[in-house]
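Novice: After the structure tokens below, expect a handful of questions from me.
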Amino acid sequence: MTGKNISGRGGGGGDTFDFMITGAPEDLEVGLQKAYALLTDGTIEASAFKNWKLQTLRQLEFMEKMPQFKGIEALVDLVTGGDPRRPFLKKEDIEALSREKAQGWFDRLRREAPIEVAIVGDMKYDDVMPLIERYVGSLPKRDRSAAHLDKLRIHGRSTGPLTRHVEVETMTPKAMSFAGFMSADGRNVPDTRAM
């Protein structure tokens with residue numbers, strides 16, 4: 001990667017796993033080569049997994065004593081109706097994870113999950129498409145949708161009012177509160193404008 005103006009990063013969000021490549025247009029192919037390697041032979045390194053697990057457990061131990069964190073955790077649970085894609089990890093969740101389980105999950109995603117590609121920037125379509133065809137189009141065939149996830153995308157939120165009281169043991173007395181209302185869905189243009 002020396003002398004190349006390209007970088008890649010990945011992570012999960014909602015029910016997706018994203019890999020973003022950013023940099024100079026002339027180095028896009030190098031970034032796509034990285035993405036291709038990740039999607040064909042990506043491995044979660046044991047040391048990186050161990051460090052993530054230790055760091056996450058320490059961070060969680062600290063955050064469990066913060067009213068701000070516990071408040072946001074409760075708020076997310078309330079407004080999403082317990083959406084299984086949105087929960088905050090608990091200590092027992094993290095301790096139950098292993099590198100092997102994580103690798104199995106990642107292997108299944110890179111083998112079976114639908115792929116969506118978006119190219120944004122100063123490149124011509126005719127210059128980009130051959131690269132996408134080479135590095136994404138050559139991946140094994142997979143379903144184009146994830147309809148099996150549809151049942152998980154339904155919010156079970158009640159009509160309200162939504163309230164929750166959370167007690168947090170803190171070093172010094174501290175409290176916080178949230179108050180608000182549900183806004184309109186962004187696709188509901190009349191309601192959005194009325195707000």
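Ligands are numbered from 1 in the order shown, chains are lettered A, B, ... in the order of the structure tokens, and residues start at 1 in each chain.
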If you run DSSP over the backbone, which residues in chain A end up helix (DSSP H, G or I)? Put them as a ChimeraX atom specification.

Specialist: /A:25-41,46-63,67-80,91-96,99-112,125-135,147-153,189-194

Novice: Applying 8 Å and only C-alpha atoms, which residues near Arg111 (chain A) remain after dropping the ones on its own chain fewer than 2 positions away? List them as a PDB file with N, CA, C and O atoms, in the first residue's frame.

Specialist:
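Okay, this is what ended up in out-v4.pdb:
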```
ATOM      1  N   LEU A  39     -13.549 -10.506   0.811  1.00  0.00           N
ATOM      2  CA  LEU A  39     -14.759 -11.257   0.492  1.00  0.00           C
ATOM      3  C   LEU A  39     -14.501 -12.680   0.007  1.00  0.00           C
ATOM      4  O   LEU A  39     -15.427 -13.477  -0.080  1.00  0.00           O
ATOM      5  N   THR A  40     -13.265 -13.008  -0.303  1.00  0.00           N
ATOM      6  CA  THR A  40     -12.963 -14.375  -0.751  1.00  0.00           C
ATOM      7  C   THR A  40     -12.151 -15.162   0.266  1.00  0.00           C
ATOM      8  O   THR A  40     -12.249 -16.380   0.328  1.00  0.00           O
ATOM      9  N   ASP A 107     -17.898 -15.886   7.366  1.00  0.00           N
ATOM     10  CA  ASP A 107     -17.814 -16.761   6.185  1.00  0.00           C
ATOM     11  C   ASP A 107     -19.178 -16.911   5.517  1.00  0.00           C
ATOM     12  O   ASP A 107     -19.288 -16.879   4.298  1.00  0.00           O
ATOM     13  N   ARG A 108     -20.223 -17.079   6.329  1.00  0.00           N
ATOM     14  CA  ARG A 108     -21.573 -17.219   5.772  1.00  0.00           C
ATOM     15  C   ARG A 108     -21.984 -15.939   5.053  1.00  0.00           C
ATOM     16  O   ARG A 108     -22.500 -15.992   3.930  1.00  0.00           O
ATOM     17  N   LEU A 109     -21.720 -14.782   5.654  1.00  0.00           N
ATOM     18  CA  LEU A 109     -22.083 -13.515   5.017  1.00  0.00           C
ATOM     19  C   LEU A 109     -21.345 -13.326   3.700  1.00  0.00           C
ATOM     20  O   LEU A 109     -21.950 -12.957   2.692  1.00  0.00           O
ATOM     21  N   ALA A 113     -24.533 -13.562   1.442  1.00  0.00           N
ATOM     22  CA  ALA A 113     -25.288 -12.310   1.576  1.00  0.00           C
ATOM     23  C   ALA A 113     -25.320 -11.530   0.264  1.00  0.00           C
ATOM     24  O   ALA A 113     -24.345 -11.502  -0.484  1.00  0.00           O
ATOM     25  N   PRO A 140     -18.772 -15.456  -6.158  1.00  0.00           N
ATOM     26  CA  PRO A 140     -19.794 -16.496  -6.355  1.00  0.00           C
ATOM     27  C   PRO A 140     -21.204 -15.897  -6.368  1.00  0.00           C
ATOM     28  O   PRO A 140     -21.494 -14.923  -5.671  1.00  0.00           O
ATOM     29  N   ARG A 142     -25.085 -15.314  -5.677  1.00  0.00           N
ATOM     30  CA  ARG A 142     -25.825 -15.296  -4.420  1.00  0.00           C
ATOM     31  C   ARG A 142     -27.201 -14.709  -4.671  1.00  0.00           C
ATOM     32  O   ARG A 142     -27.431 -14.092  -5.701  1.00  0.00           O
TER      33      ARG A 142
END
```

Novice: Which neighbours of Lys124 (chain A) fall inside 10 Å, counting only C-alpha atoms, when residues of the same chain fewer than 4 positions from it are skipped, and could you give them as a compact mmCIF listing (two decimals) with N, CA and C atoms, in the first residue's frame?

Specialist:
```
# COMPACT_ATOMS: atom_id res chain seq x y z
N PRO A 25 -9.09 8.31 -7.26
CA PRO A 25 -9.68 7.47 -8.31
C PRO A 25 -8.66 6.53 -8.98
N VAL A 128 -15.20 2.80 -14.29
CA VAL A 128 -15.49 2.07 -13.05
C VAL A 128 -16.07 0.68 -13.31
N MET A 129 -16.97 0.55 -14.27
CA MET A 129 -17.68 -0.71 -14.47
C MET A 129 -16.76 -1.91 -14.72
```

Novice: Would you kindly return, as a list in words, each protein, DNA or RNA residue with an atom no farther than 8 Å from any atom of region 174-189 of chain A, considering only C-alpha atoms and excluding same-chain residues fewer than 3 positions away?

Specialist: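 Counting only the stated atoms, we get Pro67, Gln68, Gly71, Leu75, Thr170, Thr192, Arg193 and Met195 of chain A.
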
Novice: List every residue of chain A that DSSP, applied to the backbone, labels as strand (DSSP E), and write the result as a tab-separated table (two decimals) with all heavy atoms, in the first residue's frame.

Specialist:
```tsv
chain	number	residue	atom	x	y	z
A	6	ILE	N	-5.34	5.24	-0.94
A	6	ILE	CA	-6.58	4.48	-0.83
A	6	ILE	C	-6.64	3.83	0.55
A	6	ILE	O	-5.61	3.49	1.11
A	6	ILE	CB	-6.69	3.40	-1.95
A	6	ILE	CG1	-8.13	2.97	-2.18
A	6	ILE	CG2	-5.79	2.22	-1.68
A	6	ILE	CD1	-8.91	3.89	-3.07
A	7	SER	N	-7.83	3.74	1.09
A	7	SER	CA	-7.98	3.05	2.37
A	7	SER	C	-9.32	2.35	2.37
A	7	SER	O	-10.23	2.69	1.62
A	7	SER	CB	-7.88	4.03	3.54
A	7	SER	OG	-8.96	4.94	3.50
A	8	GLY	N	-9.42	1.37	3.23
A	8	GLY	CA	-10.68	0.62	3.34
A	8	GLY	C	-11.00	0.40	4.81
A	8	GLY	O	-10.10	0.26	5.64
A	9	ARG	N	-12.27	0.42	5.11
A	9	ARG	CA	-12.70	0.11	6.47
A	9	ARG	C	-14.06	-0.57	6.39
A	9	ARG	O	-14.83	-0.36	5.46
A	9	ARG	CB	-12.76	1.35	7.35
A	9	ARG	CG	-13.72	2.41	6.89
A	9	ARG	CD	-13.64	3.65	7.80
A	9	ARG	NE	-14.38	4.74	7.24
A	9	ARG	CZ	-15.68	4.96	7.44
A	9	ARG	NH1	-16.36	4.15	8.20
A	9	ARG	NH2	-16.29	5.99	6.90
A	10	GLY	N	-14.33	-1.40	7.38
A	10	GLY	CA	-15.58	-2.13	7.39
A	10	GLY	C	-16.21	-2.10	8.75
A	10	GLY	O	-15.57	-1.78	9.75
A	11	GLY	N	-17.48	-2.46	8.78
A	11	GLY	CA	-18.18	-2.53	10.05
A	11	GLY	C	-19.65	-2.82	9.85
A	11	GLY	O	-20.15	-2.73	8.74
A	12	GLY	N	-20.29	-3.19	10.93
A	12	GLY	CA	-21.71	-3.52	10.85
A	12	GLY	C	-22.58	-2.36	11.25
A	12	GLY	O	-22.17	-1.48	12.01
A	13	GLY	N	-23.78	-2.36	10.74
A	13	GLY	CA	-24.75	-1.34	11.10
A	13	GLY	C	-26.14	-1.82	10.72
A	13	GLY	O	-26.36	-2.16	9.58
A	16	THR	N	-26.68	-4.75	8.09
A	16	THR	CA	-25.72	-4.77	6.99
A	16	THR	C	-24.29	-4.84	7.53
A	16	THR	O	-24.02	-4.51	8.68
A	16	THR	CB	-25.81	-3.49	6.13
A	16	THR	OG1	-25.40	-2.36	6.92
A	16	THR	CG2	-27.21	-3.28	5.58
A	17	PHE	N	-23.41	-5.29	6.68
A	17	PHE	CA	-21.97	-5.19	6.94
A	17	PHE	C	-21.43	-4.39	5.78
A	17	PHE	O	-21.62	-4.75	4.62
A	17	PHE	CB	-21.31	-6.57	6.99
A	17	PHE	CG	-19.86	-6.49	7.36
A	17	PHE	CD1	-19.45	-6.47	8.69
A	17	PHE	CD2	-18.88	-6.40	6.38
A	17	PHE	CE1	-18.12	-6.37	9.04
A	17	PHE	CE2	-17.54	-6.29	6.72
A	17	PHE	CZ	-17.17	-6.29	8.05
A	18	ASP	N	-20.81	-3.27	6.06
A	18	ASP	CA	-20.35	-2.36	5.02
A	18	ASP	C	-18.83	-2.39	4.91
A	18	ASP	O	-18.13	-2.49	5.92
A	18	ASP	CB	-20.77	-0.92	5.35
A	18	ASP	CG	-22.25	-0.79	5.57
A	18	ASP	OD1	-23.01	-1.39	4.80
A	18	ASP	OD2	-22.65	-0.09	6.52
A	19	PHE	N	-18.35	-2.27	3.69
A	19	PHE	CA	-16.92	-2.08	3.46
A	19	PHE	C	-16.80	-0.85	2.58
A	19	PHE	O	-17.34	-0.83	1.47
A	19	PHE	CB	-16.29	-3.30	2.79
A	19	PHE	CG	-14.80	-3.23	2.72
A	19	PHE	CD1	-14.03	-3.43	3.86
A	19	PHE	CD2	-14.16	-2.94	1.53
A	19	PHE	CE1	-12.65	-3.35	3.81
A	19	PHE	CE2	-12.78	-2.86	1.48
A	19	PHE	CZ	-12.02	-3.07	2.61
A	20	MET	N	-16.14	0.20	3.07
A	20	MET	CA	-16.03	1.44	2.34
A	20	MET	C	-14.58	1.66	1.90
A	20	MET	O	-13.66	1.52	2.70
A	20	MET	CB	-16.48	2.61	3.21
A	20	MET	CG	-16.46	3.93	2.48
A	20	MET	SD	-16.96	5.32	3.51
A	20	MET	CE	-18.66	4.91	3.78
A	21	ILE	N	-14.43	1.98	0.64
A	21	ILE	CA	-13.11	2.27	0.07
A	21	ILE	C	-13.09	3.75	-0.28
A	21	ILE	O	-13.98	4.23	-0.98
A	21	ILE	CB	-12.87	1.43	-1.20
A	21	ILE	CG1	-12.96	-0.06	-0.88
A	21	ILE	CG2	-11.54	1.78	-1.84
A	21	ILE	CD1	-13.12	-0.93	-2.10
A	22	THR	N	-12.11	4.47	0.22
A	22	THR	CA	-11.99	5.89	-0.09
A	22	THR	C	-10.57	6.19	-0.52
A	22	THR	O	-9.62	5.57	-0.07
A	22	THR	CB	-12.35	6.76	1.13
A	22	THR	OG1	-11.51	6.40	2.23
A	22	THR	CG2	-13.79	6.59	1.53
A	23	GLY	N	-10.44	7.17	-1.42
A	23	GLY	CA	-9.11	7.58	-1.86
A	23	GLY	C	-9.14	8.15	-3.26
A	23	GLY	O	-10.18	8.54	-3.78
```

Novice: With distances taken over only C-alpha atoms, which residue among A:Asn51, A:Asn5, A:Leu78, A:Ala46 lies nearest Gly160 (chain A)?

Specialist: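 Closest residue, counting only C-alpha atoms: A:Leu78.
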
Novice: Between CA of Phe62 (chain A) and CA of Glu169 (chain A), what is the distance, to one decimal in Å?

Specialist: 11.3 Å

Novice: Report as a PyMOL selection string all protein, DNA and RNA residues lying within 9 Å of Val79 (chain A), evaluated on only C-alpha atoms, omitting residues in the same chain fewer than 2 positions from it.

Specialist: chain A and resi 74-77+81-83+155+157-158+162+182

Novice: Interatomic distance between CA of Ile154 (chain A) and CA of Phe106 (chain A)?

Specialist: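 Separation of CA of Ile154 (chain A) and CA of Phe106 (chain A): 24.3 Å.
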
Novice: In Å, with one decimal, what is the gap from CA of Lys53 (chain A) to CA of Arg110 (chain A)?

Specialist: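 For CA of Lys53 (chain A) relative to CA of Arg110 (chain A), the distance reads 22.2 Å.
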
Novice: Which is closer to Thr159 (chain A) than all the others in A:Glu95, A:Thr80, A:Ser138, A:Thr172, using only C-alpha atoms?

Specialist: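 Once distances to Thr159 (chain A) are computed over only C-alpha atoms, the minimum belongs to A:Thr80.
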
Novice: When you look at Leu60 (chain A) with a cut-off of 9 Å (counting only C-alpha atoms), what residues show up, excluding the ones that are within fewer than 3 positions of it in the same chain? I need them as number ranges by chain.

Specialist: A: 55-57, 63-65, 89-91

Novice: Which of these, A:Val136, A:Pro173, A:Ile44, A:Glu29, has the shortest distance to Gly104 (chain A) once you count only C-alpha atoms?

Specialist: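 The answer is A:Ile44, which sits nearest to Gly104 (chain A).
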